[in-house]
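Novice: So here's query-v5.cif, just mmCIF, C-alpha atoms and all ligand atoms:
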```cif
data_start
#
loop_
_atom_site.label_atom_id
_atom_site.label_comp_id
_atom_site.auth_asym_id
_atom_site.auth_seq_id
_atom_site.Cartn_x
_atom_site.Cartn_y
_atom_site.Cartn_z
CA ARG S 1 13.67 -3.91 3.22
CA SER S 2 12.47 -0.74 1.62
CA VAL S 3 8.93 0.53 1.92
CA GLY S 4 6.66 1.76 -0.87
CA ILE S 5 3.73 4.06 -0.19
CA LEU S 6 0.84 4.09 -2.66
CA GLY S 7 -2.20 6.33 -2.27
CA VAL S 8 -5.41 4.94 -3.77
CA PRO S 9 -8.03 7.69 -3.64
CA ILE S 10 -10.85 5.41 -4.68
CA ASN S 11 -14.33 6.26 -3.37
CA ARG S 12 -16.88 4.43 -5.51
CA GLY S 13 -16.89 1.32 -3.37
CA GLN S 14 -19.27 3.14 -1.01
CA THR S 15 -21.43 6.26 -1.04
CA ASN S 16 -19.55 9.01 0.84
CA PRO S 17 -17.31 10.73 -1.71
CA GLY S 18 -15.02 12.37 0.89
CA VAL S 19 -13.00 9.18 1.44
CA LEU S 20 -11.28 10.26 -1.78
CA TYR S 21 -9.34 12.80 0.31
CA GLY S 22 -7.93 10.15 2.66
CA PRO S 23 -4.49 9.80 1.02
CA ALA S 24 -4.00 13.58 0.70
CA ALA S 25 -5.02 14.23 4.31
CA ILE S 26 -2.75 11.46 5.60
CA ARG S 27 0.17 12.80 3.56
CA GLU S 28 -0.55 16.33 4.83
CA GLY S 29 -0.49 14.94 8.35
CA ASP S 30 3.19 14.27 7.55
CA LEU S 31 2.99 10.50 7.10
CA ILE S 32 6.38 10.02 5.48
CA LYS S 33 8.30 12.07 8.02
CA LYS S 34 6.54 10.47 10.98
CA ILE S 35 7.03 6.86 9.91
CA LYS S 36 10.59 7.17 8.79
CA GLY S 37 12.75 4.86 10.87
CA GLN S 38 16.52 4.84 10.64
CA TRP S 39 16.66 1.52 8.87
CA HIS S 40 14.35 1.60 5.94
CA GLU S 41 14.15 3.58 2.80
CA ILE S 42 10.74 4.95 1.85
CA HIS S 43 9.61 5.39 -1.74
CA ASP S 44 6.49 7.45 -2.16
CA HIS S 45 4.86 6.18 -5.34
CA GLY S 46 2.27 8.96 -5.21
CA ASP S 47 -1.41 8.36 -5.84
CA LEU S 48 -2.72 5.75 -8.24
CA GLY S 49 -4.12 7.56 -11.25
CA PHE S 50 -7.33 6.28 -12.80
CA ASP S 51 -10.38 7.51 -14.63
CA TYR S 52 -13.92 6.68 -13.79
CA VAL S 53 -15.84 5.44 -16.80
CA PRO S 54 -19.21 6.57 -18.14
CA GLU S 55 -20.54 2.99 -18.62
CA ASP S 56 -21.44 3.00 -14.93
CA ASP S 57 -24.34 5.33 -15.64
CA CYS S 58 -26.10 2.79 -17.83
CA ALA S 59 -26.14 0.25 -14.98
CA ASP S 60 -26.12 -2.96 -17.01
CA GLN S 61 -26.01 -4.85 -13.73
CA PRO S 62 -27.48 -3.80 -10.39
CA LEU S 63 -25.35 -5.91 -8.05
CA VAL S 64 -22.13 -3.94 -7.67
CA LYS S 65 -22.44 -0.19 -7.97
CA ASN S 66 -19.85 1.49 -10.24
CA SER S 67 -18.30 -1.84 -11.22
CA HIS S 68 -16.79 -0.62 -14.49
CA SER S 69 -15.02 2.29 -12.82
CA LEU S 70 -13.85 0.23 -9.89
CA GLY S 71 -12.65 -2.55 -12.17
CA ARG S 72 -10.56 -0.20 -14.22
CA ALA S 73 -9.00 1.49 -11.17
CA LEU S 74 -8.40 -1.66 -9.15
CA GLN S 75 -6.67 -3.50 -11.94
CA LYS S 76 -3.86 -0.96 -11.65
CA THR S 77 -3.04 -1.73 -8.03
CA ILE S 78 0.29 -3.47 -8.38
CA VAL S 79 2.14 -4.49 -5.25
CA SER S 80 5.80 -4.73 -6.14
CA ALA S 81 7.79 -7.68 -4.88
CA GLY S 82 10.74 -6.97 -2.63
CA GLU S 83 9.22 -3.84 -1.14
CA VAL S 84 6.82 -3.57 1.81
CA CYS S 85 3.80 -1.90 0.26
CA ILE S 86 1.62 0.50 2.26
CA VAL S 87 -1.63 1.17 0.41
CA VAL S 88 -3.46 4.22 1.74
CA GLY S 89 -7.13 4.65 0.88
CA GLY S 90 -9.65 5.44 -0.16
CA ASP S 91 -12.41 2.96 0.60
CA HIS S 92 -11.90 -0.74 1.35
CA SER S 93 -12.76 -1.83 -2.22
CA LEU S 94 -9.11 -1.05 -2.99
CA SER S 95 -8.13 -4.22 -1.14
CA THR S 96 -9.47 -6.40 -3.96
CA GLY S 97 -6.74 -4.78 -6.06
CA SER S 98 -4.00 -4.87 -3.43
CA ILE S 99 -4.72 -8.50 -2.46
CA HIS S 100 -4.81 -9.52 -6.11
CA GLY S 101 -1.57 -7.65 -6.82
CA HIS S 102 0.10 -8.91 -3.64
CA SER S 103 -0.86 -12.53 -4.45
CA LEU S 104 0.75 -12.23 -7.88
CA ALA S 105 3.98 -10.93 -6.31
CA GLU S 106 3.93 -13.37 -3.35
CA PRO S 107 2.01 -16.59 -4.01
CA ASP S 108 1.59 -17.76 -0.37
CA ILE S 109 0.22 -14.78 1.57
CA CYS S 110 -1.99 -14.84 4.63
CA LEU S 111 -4.48 -12.09 5.36
CA LEU S 112 -5.30 -10.39 8.65
CA TRP S 113 -8.54 -8.40 8.35
CA ILE S 114 -9.07 -5.80 11.07
CA ASP S 115 -12.55 -4.33 10.64
CA ALA S 116 -15.94 -3.83 12.29
CA HIS S 117 -17.28 -5.47 9.12
CA ALA S 118 -16.39 -8.72 7.39
CA ASP S 119 -16.64 -7.28 3.86
CA ILE S 120 -17.48 -10.74 2.50
CA ASN S 121 -20.94 -10.16 1.01
CA LEU S 122 -21.53 -11.86 -2.30
CA PRO S 123 -22.95 -9.35 -4.77
CA MET S 124 -26.32 -11.12 -4.29
CA THR S 125 -26.27 -10.95 -0.48
CA SER S 126 -25.14 -7.33 -0.27
CA PRO S 127 -27.89 -5.11 1.10
CA SER S 128 -26.11 -1.99 -0.18
CA GLY S 129 -24.55 -2.84 -3.54
CA ASN S 130 -21.37 -1.16 -2.25
CA MET S 131 -18.21 -2.97 -3.26
CA HIS S 132 -16.35 -2.10 -0.04
CA GLY S 133 -18.62 -4.63 1.68
CA MET S 134 -17.87 -7.39 -0.89
CA VAL S 135 -14.07 -7.34 -1.07
CA LEU S 136 -13.43 -10.84 0.17
CA SER S 137 -16.09 -12.53 -1.93
CA PHE S 138 -13.95 -11.51 -4.91
CA CYS S 139 -10.74 -12.78 -3.28
CA VAL S 140 -11.70 -16.10 -1.67
CA LYS S 141 -11.18 -19.19 -3.84
CA GLU S 142 -13.95 -21.19 -2.11
CA LEU S 143 -16.56 -18.63 -3.21
CA ARG S 144 -15.68 -18.83 -6.91
CA GLU S 145 -18.72 -20.94 -7.84
CA TYR S 146 -21.10 -18.47 -6.18
CA MET S 147 -19.66 -15.36 -7.82
CA PRO S 148 -21.56 -13.94 -10.78
CA GLN S 149 -19.60 -12.27 -13.61
CA ILE S 150 -19.58 -8.57 -12.85
CA PRO S 151 -18.96 -6.35 -15.89
CA GLY S 152 -15.67 -4.51 -15.53
CA LEU S 153 -14.39 -6.92 -12.88
CA GLU S 154 -13.97 -10.06 -15.02
CA TRP S 155 -10.18 -9.87 -14.62
CA LEU S 156 -10.42 -10.16 -10.84
CA LYS S 157 -9.68 -13.79 -9.96
CA PRO S 158 -9.75 -15.18 -6.42
CA THR S 159 -6.25 -15.85 -5.12
CA ILE S 160 -6.57 -16.74 -1.43
CA SER S 161 -8.06 -19.67 0.53
CA ALA S 162 -10.54 -19.02 3.31
CA LYS S 163 -8.29 -20.82 5.81
CA ASN S 164 -5.55 -18.22 5.27
CA ILE S 165 -7.72 -15.32 6.42
CA ALA S 166 -8.47 -14.14 9.98
CA PHE S 167 -10.87 -11.40 11.07
CA ILE S 168 -10.60 -9.36 14.27
CA GLY S 169 -12.98 -6.70 15.58
CA LEU S 170 -16.21 -7.81 13.88
CA ARG S 171 -19.44 -6.29 15.16
CA ASP S 172 -21.68 -5.49 12.19
CA LEU S 173 -22.28 -8.41 9.83
CA ASP S 174 -25.00 -9.10 7.31
CA ALA S 175 -26.73 -12.50 7.40
CA GLY S 176 -25.01 -13.72 4.22
CA GLU S 177 -21.62 -12.77 5.65
CA LYS S 178 -22.09 -14.67 8.90
CA TYR S 179 -23.38 -17.67 6.95
CA ILE S 180 -20.32 -17.68 4.66
CA ILE S 181 -17.92 -17.36 7.62
CA ASP S 182 -19.60 -20.32 9.35
CA GLN S 183 -19.84 -22.47 6.21
CA LEU S 184 -16.18 -21.92 5.32
CA ASN S 185 -15.20 -22.33 8.98
CA MET S 186 -13.21 -19.11 8.87
CA THR S 187 -11.10 -17.72 11.69
CA ALA S 188 -13.23 -14.82 12.90
CA TYR S 189 -12.93 -13.00 16.23
CA SER S 190 -15.73 -10.59 16.98
CA ILE S 191 -15.45 -7.77 19.46
CA HIS S 192 -17.25 -10.11 21.89
CA ASP S 193 -14.34 -12.56 21.54
CA VAL S 194 -11.90 -9.71 22.14
CA ASP S 195 -13.74 -8.85 25.37
CA LYS S 196 -13.90 -12.47 26.43
CA HIS S 197 -10.34 -13.63 25.74
CA GLY S 198 -8.42 -10.38 25.44
CA LEU S 199 -6.88 -8.96 22.31
CA PRO S 200 -3.39 -10.52 22.69
CA GLU S 201 -4.92 -14.02 22.88
CA VAL S 202 -7.23 -13.42 19.94
CA LEU S 203 -4.36 -12.08 17.84
CA ALA S 204 -2.08 -14.98 18.77
CA ARG S 205 -4.79 -17.49 17.82
CA SER S 206 -5.38 -15.66 14.53
CA MET S 207 -1.70 -15.72 13.60
CA ASP S 208 -1.44 -19.40 14.60
CA ALA S 209 -4.36 -20.18 12.32
CA ILE S 210 -3.18 -18.32 9.24
CA ASN S 211 0.59 -18.43 9.63
CA PRO S 212 1.40 -21.44 11.85
CA ARG S 213 5.09 -21.66 10.88
CA GLY S 214 5.51 -17.91 10.65
CA ASN S 215 6.98 -18.14 7.17
CA ARG S 216 4.21 -16.58 5.11
CA PRO S 217 4.16 -12.99 3.90
CA ILE S 218 1.42 -11.15 5.83
CA HIS S 219 -1.13 -8.85 4.24
CA LEU S 220 -2.60 -6.62 6.95
CA SER S 221 -5.85 -5.01 5.87
CA PHE S 222 -6.73 -2.34 8.42
CA ASP S 223 -10.11 -0.60 8.20
CA VAL S 224 -10.06 2.32 10.65
CA ASP S 225 -13.71 1.64 11.54
CA SER S 226 -12.43 -1.40 13.47
CA LEU S 227 -11.43 1.08 16.15
CA ASP S 228 -13.95 2.74 18.42
CA PRO S 229 -15.61 5.82 16.86
CA SER S 230 -14.10 7.90 19.69
CA VAL S 231 -10.64 6.98 18.32
CA THR S 232 -11.28 7.22 14.57
CA PRO S 233 -14.45 9.29 14.17
CA SER S 234 -13.75 10.41 10.59
CA THR S 235 -14.88 7.29 8.78
CA GLY S 236 -18.00 6.44 6.81
CA THR S 237 -19.49 3.48 8.67
CA ARG S 238 -18.85 3.92 12.39
CA VAL S 239 -20.00 1.14 14.70
CA ALA S 240 -20.13 1.72 18.46
CA GLY S 241 -17.98 -0.32 20.80
CA GLY S 242 -14.82 -0.86 18.79
CA LEU S 243 -11.19 -1.69 19.47
CA THR S 244 -9.25 0.79 21.59
CA PHE S 245 -6.31 2.81 20.34
CA ARG S 246 -4.02 0.61 22.41
CA GLU S 247 -5.48 -2.58 20.95
CA GLY S 248 -4.99 -1.21 17.44
CA MET S 249 -1.37 -0.32 18.21
CA TYR S 250 -0.79 -3.71 19.81
CA ILE S 251 -1.96 -5.43 16.63
CA VAL S 252 0.30 -3.45 14.31
CA GLU S 253 3.34 -3.75 16.61
CA GLU S 254 2.90 -7.51 16.90
CA VAL S 255 2.57 -7.83 13.13
CA ALA S 256 5.75 -5.76 12.77
CA ASN S 257 7.51 -8.05 15.25
CA THR S 258 6.92 -11.04 12.97
CA GLY S 259 9.11 -9.38 10.34
CA MET S 260 6.78 -10.88 7.72
CA MET S 261 4.42 -8.05 6.82
CA SER S 262 4.75 -7.38 3.12
CA ALA S 263 1.64 -5.29 2.48
CA MET S 264 -0.72 -3.16 4.54
CA ASP S 265 -3.96 -1.44 3.52
CA LEU S 266 -4.98 1.52 5.66
CA VAL S 267 -8.50 2.35 4.55
CA GLU S 268 -11.72 4.32 5.09
CA VAL S 269 -10.23 7.54 6.49
CA ASN S 270 -12.73 10.19 5.39
CA PRO S 271 -11.50 13.67 6.37
CA THR S 272 -14.82 15.28 5.37
CA ILE S 273 -16.64 13.57 8.26
CA GLY S 274 -16.75 15.14 11.72
CA THR S 275 -15.13 18.22 13.21
CA GLN S 276 -11.60 19.45 12.61
CA ALA S 277 -10.58 17.76 15.88
CA ASP S 278 -12.21 14.47 14.76
CA LYS S 279 -10.33 14.62 11.49
CA GLU S 280 -6.99 15.35 13.18
CA ARG S 281 -7.48 12.55 15.69
CA THR S 282 -8.34 10.07 12.93
CA ILE S 283 -5.37 11.02 10.77
CA ASP S 284 -2.96 10.98 13.72
CA CYS S 285 -4.18 7.49 14.58
CA ALA S 286 -3.89 6.29 10.98
CA ILE S 287 -0.28 7.51 10.80
CA ARG S 288 0.61 5.85 14.11
CA LEU S 289 -0.89 2.57 12.89
CA VAL S 290 1.24 2.64 9.75
CA GLY S 291 4.35 3.59 11.76
CA GLY S 292 3.73 0.75 14.23
CA ALA S 293 3.26 -1.75 11.40
CA LEU S 294 6.60 -0.63 9.96
CA GLY S 295 8.36 -1.27 13.25
CA LYS S 296 8.20 2.04 15.07
CA LYS S 297 8.17 1.22 18.78
CA ARG S 298 6.22 3.00 21.51
CA GLU S 299 8.74 1.59 23.97
CA GLY S 300 11.42 3.78 22.37
CA GLU S 301 14.32 2.97 20.08
CA TYR S 302 17.70 4.12 18.82
CA PRO S 303 19.77 3.41 15.74
CA GLN S 304 22.29 0.55 15.83
CA ASN S 305 25.33 2.83 15.84
CA TYR S 306 23.91 5.17 18.50
CA GLN S 307 26.40 6.59 21.02
CA LEU S 308 26.08 9.07 23.83
CA PRO S 309 27.67 12.41 22.89
C1 LIG E 401 -22.35 -3.52 4.84
C2 LIG E 401 -21.44 -2.43 5.36
N1 LIG E 401 -22.02 -4.81 5.40
C3 LIG E 401 -22.32 -3.58 3.32
N2 LIG E 401 -20.08 -2.69 5.08
C4 LIG E 401 -19.05 -1.88 5.41
O1 LIG E 401 -22.57 -2.56 2.69
O2 LIG E 401 -22.05 -4.64 2.78
N3 LIG E 401 -17.83 -2.22 5.27
N4 LIG E 401 -19.26 -0.68 5.91
O3 LIG E 401 -16.73 -1.57 5.69
MN MN E 402 9.60 1.60 -5.04
MN MN E 403 -13.90 -2.65 5.56
MN MN E 404 -15.56 -1.51 8.07
#
```
Let me see the structure of the file written as structure tokens.
Ligand code: DIR
Ligand code: MN
Ligand code: MN
Ligand code: MN
Specialist:
Amino acid sequence: RSVGILGVPINRGQTNPGVLYGPAAIREGDLIKKIKGQWHEIHDHGDLGFDYVPEDDCADQPLVKNSHSLGRALQKTIVSAGEVCIVVGGDHSLSTGSIHGHSLAEPDICLLWIDAHADINLPMTSPSGNMHGMVLSFCVKELREYMPQIPGLEWLKPTISAKNIAFIGLRDLDAGEKYIIDQLNMTAYSIHDVDKHGLPEVLARSMDAINPRGNRPIHLSFDVDSLDPSVTPSTGTRVAGGLTFREGMYIVEEVANTGMMSAMDLVEVNPTIGTQADKERTIDCAIRLVGGALGKKREGEYPQNYQLP
């Protein structure tokens, strides 16, 4: 299958504007060249173009900051069928668009959410008003009756059931988020669970829960703040005690091994945070995660027709 890369330099789902430079920095780190395997074709679709809208200044609703601008930008996130789509952010609000678009292209997706945060605040439970912490409340069908109409986001309809979502790496949840996860009986592995059972076990249980027959297209939503801040320091909401680099790589390689990944979000790389070394480390890690998810193997590999000279 061929691979499409889409940059989504969206930054109004949170408050640090520098996350806008994520796609450019990841491209400059030589993403395309480094992930190119022998067996897939890569189309770079460039960055999603969008305008922010002035209505956001008049704040006709206080619940979701910049909702008109986000709504207009997110509606354009199309995930094309038949191509593995890599969506490079930008902040995590972009996943409302990519999940919506992916669900239209592939009706039976499951969602693996790798994040320090659950990003499932309802607009009313959000302590921040930042949309990157509310992504899943817009996507989950079971929360429809609790969702208020948000101006600019009326088009965004929930497309995925709570039982088809698994979280790994959680360690900073708001009360409303934990309550929703418990009420909907969602598959959620915190960093405590990772320590207790080990990452391979937690990942296997997650995949069993959301993709028991292994026949569903997988949407992998990877927030780089899931990893320990020593691994990905250049991100807006660092939380101590995260997944290791090796655990992150293990996740993406295992997802690649299923052969069923059809979309991946790689979000919250903010190259304006930290030192030059922090930024380089974060971007290098982001690129390795994408490469691993596309089937690049740390164990080594060679093309099918390879021969010794
Ligand atoms: C917090 C932080 N739960 C919020 N969320 C973050 O604003 O809703 N998500 N940082 O990635
Ligand atoms: Mn294409
Ligand atoms: Mn997130
Ligand atoms: Mn996060």
Novice: Provide the atom CA of S:Thr237 to atom O1 of ligand LIG 401 (chain E) distance in Å, to one decimal place.
Specialist: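 Pair atom CA of S:Thr237 / atom O1 of ligand LIG 401 (chain E) returns 9.0 Å.
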Novice: What's the separation between atom CA of S:Val224 and atom CA of S:Phe245, in Å to one decimal place?
Specialist: 10.4 Å
Novice: To one decimal place, how far is atom CA of S:Ser230 from atom CA of S:Thr187 in Å?
Specialist: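 Computed distance, atom CA of S:Ser230 to atom CA of S:Thr187, equals 27.0 Å.
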Novice: Of the candidates S:Val231, S:Ala204, S:Ile32, S:Leu94, which one gets nearest to S:Leu74 if we count only C-alpha atoms?
Specialist: S:Leu94
Novice: Counting all atoms listed in the file, which protein, DNA or RNA residues come within 10 Å of ligand LIG 401 (chain E), given as a PyMOL selection string?
Specialist: chain S and resi 13-15+91-93+115-123+125-135+172-177+223-226+235-239+267-268
Novice: Using only C-alpha atoms and all ligand atoms, which of the listed residues (S:Ile160, S:Ile283, S:Ile168, S:Leu289) sits closest to ligand MN 404 (chain E)?
Specialist: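 Checking each candidate against ligand MN 404 (chain E), we get S:Ile168 as the closest.
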Novice: Which one is closest to ligand MN 404 (chain E): S:Ala105, S:Ala188, S:Leu227, S:Ala73? Count all atoms listed in the file.
Specialist: S:Leu227
Novice: My list of candidates is S:Met186, S:Val252, S:Leu70, S:Ile86. Which is closest to ligand MN 402 (chain E) when distances are computed with all atoms listed in the file?
Specialist: S:Ile86
Novice: Using only C-alpha atoms, which residues sit within 12 Å of S:Thr258 once same-chain residues fewer than 2 positions away are excluded, as an NGL selection string?
Specialist: :S and (204 or 207-208 or 211-218 or 251-256 or 260-262 or 293-295)
Novice: Keeping only C-alpha atoms, write the selected residues as an mmCIF file, in the frame of the given file.
Specialist:
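And here's selection.cif as it stands now:
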```cif
data_model
loop_
_atom_site.group_PDB
_atom_site.id
_atom_site.type_symbol
_atom_site.label_atom_id
_atom_site.label_comp_id
_atom_site.auth_asym_id
_atom_site.auth_seq_id
_atom_site.Cartn_x
_atom_site.Cartn_y
_atom_site.Cartn_z
ATOM 1 C CA ALA S 204 -2.080 -14.980 18.770
ATOM 2 C CA MET S 207 -1.700 -15.720 13.600
ATOM 3 C CA ASP S 208 -1.440 -19.400 14.600
ATOM 4 C CA ASN S 211 0.590 -18.430 9.630
ATOM 5 C CA PRO S 212 1.400 -21.440 11.850
ATOM 6 C CA ARG S 213 5.090 -21.660 10.880
ATOM 7 C CA GLY S 214 5.510 -17.910 10.650
ATOM 8 C CA ASN S 215 6.980 -18.140 7.170
ATOM 9 C CA ARG S 216 4.210 -16.580 5.110
ATOM 10 C CA PRO S 217 4.160 -12.990 3.900
ATOM 11 C CA ILE S 218 1.420 -11.150 5.830
ATOM 12 C CA ILE S 251 -1.960 -5.430 16.630
ATOM 13 C CA VAL S 252 0.300 -3.450 14.310
ATOM 14 C CA GLU S 253 3.340 -3.750 16.610
ATOM 15 C CA GLU S 254 2.900 -7.510 16.900
ATOM 16 C CA VAL S 255 2.570 -7.830 13.130
ATOM 17 C CA ALA S 256 5.750 -5.760 12.770
ATOM 18 C CA MET S 260 6.780 -10.880 7.720
ATOM 19 C CA MET S 261 4.420 -8.050 6.820
ATOM 20 C CA SER S 262 4.750 -7.380 3.120
ATOM 21 C CA ALA S 293 3.260 -1.750 11.400
ATOM 22 C CA LEU S 294 6.600 -0.630 9.960
ATOM 23 C CA GLY S 295 8.360 -1.270 13.250
#
```
Novice: Got a sec to check which residues lie within 12 Å of ligand MN 402 (chain E), using all atoms listed in the file, and send them as number ranges by chain?
Specialist: S: 1-6, 40-46, 78-86
Novice: When you count all atoms listed in the file, which of these residues is closest to ligand MN 403 (chain E): S:Gly101, S:Gly169, S:Gly152, S:Gly18?
Specialist: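 So, comparing all the options, the nearest one is S:Gly169.
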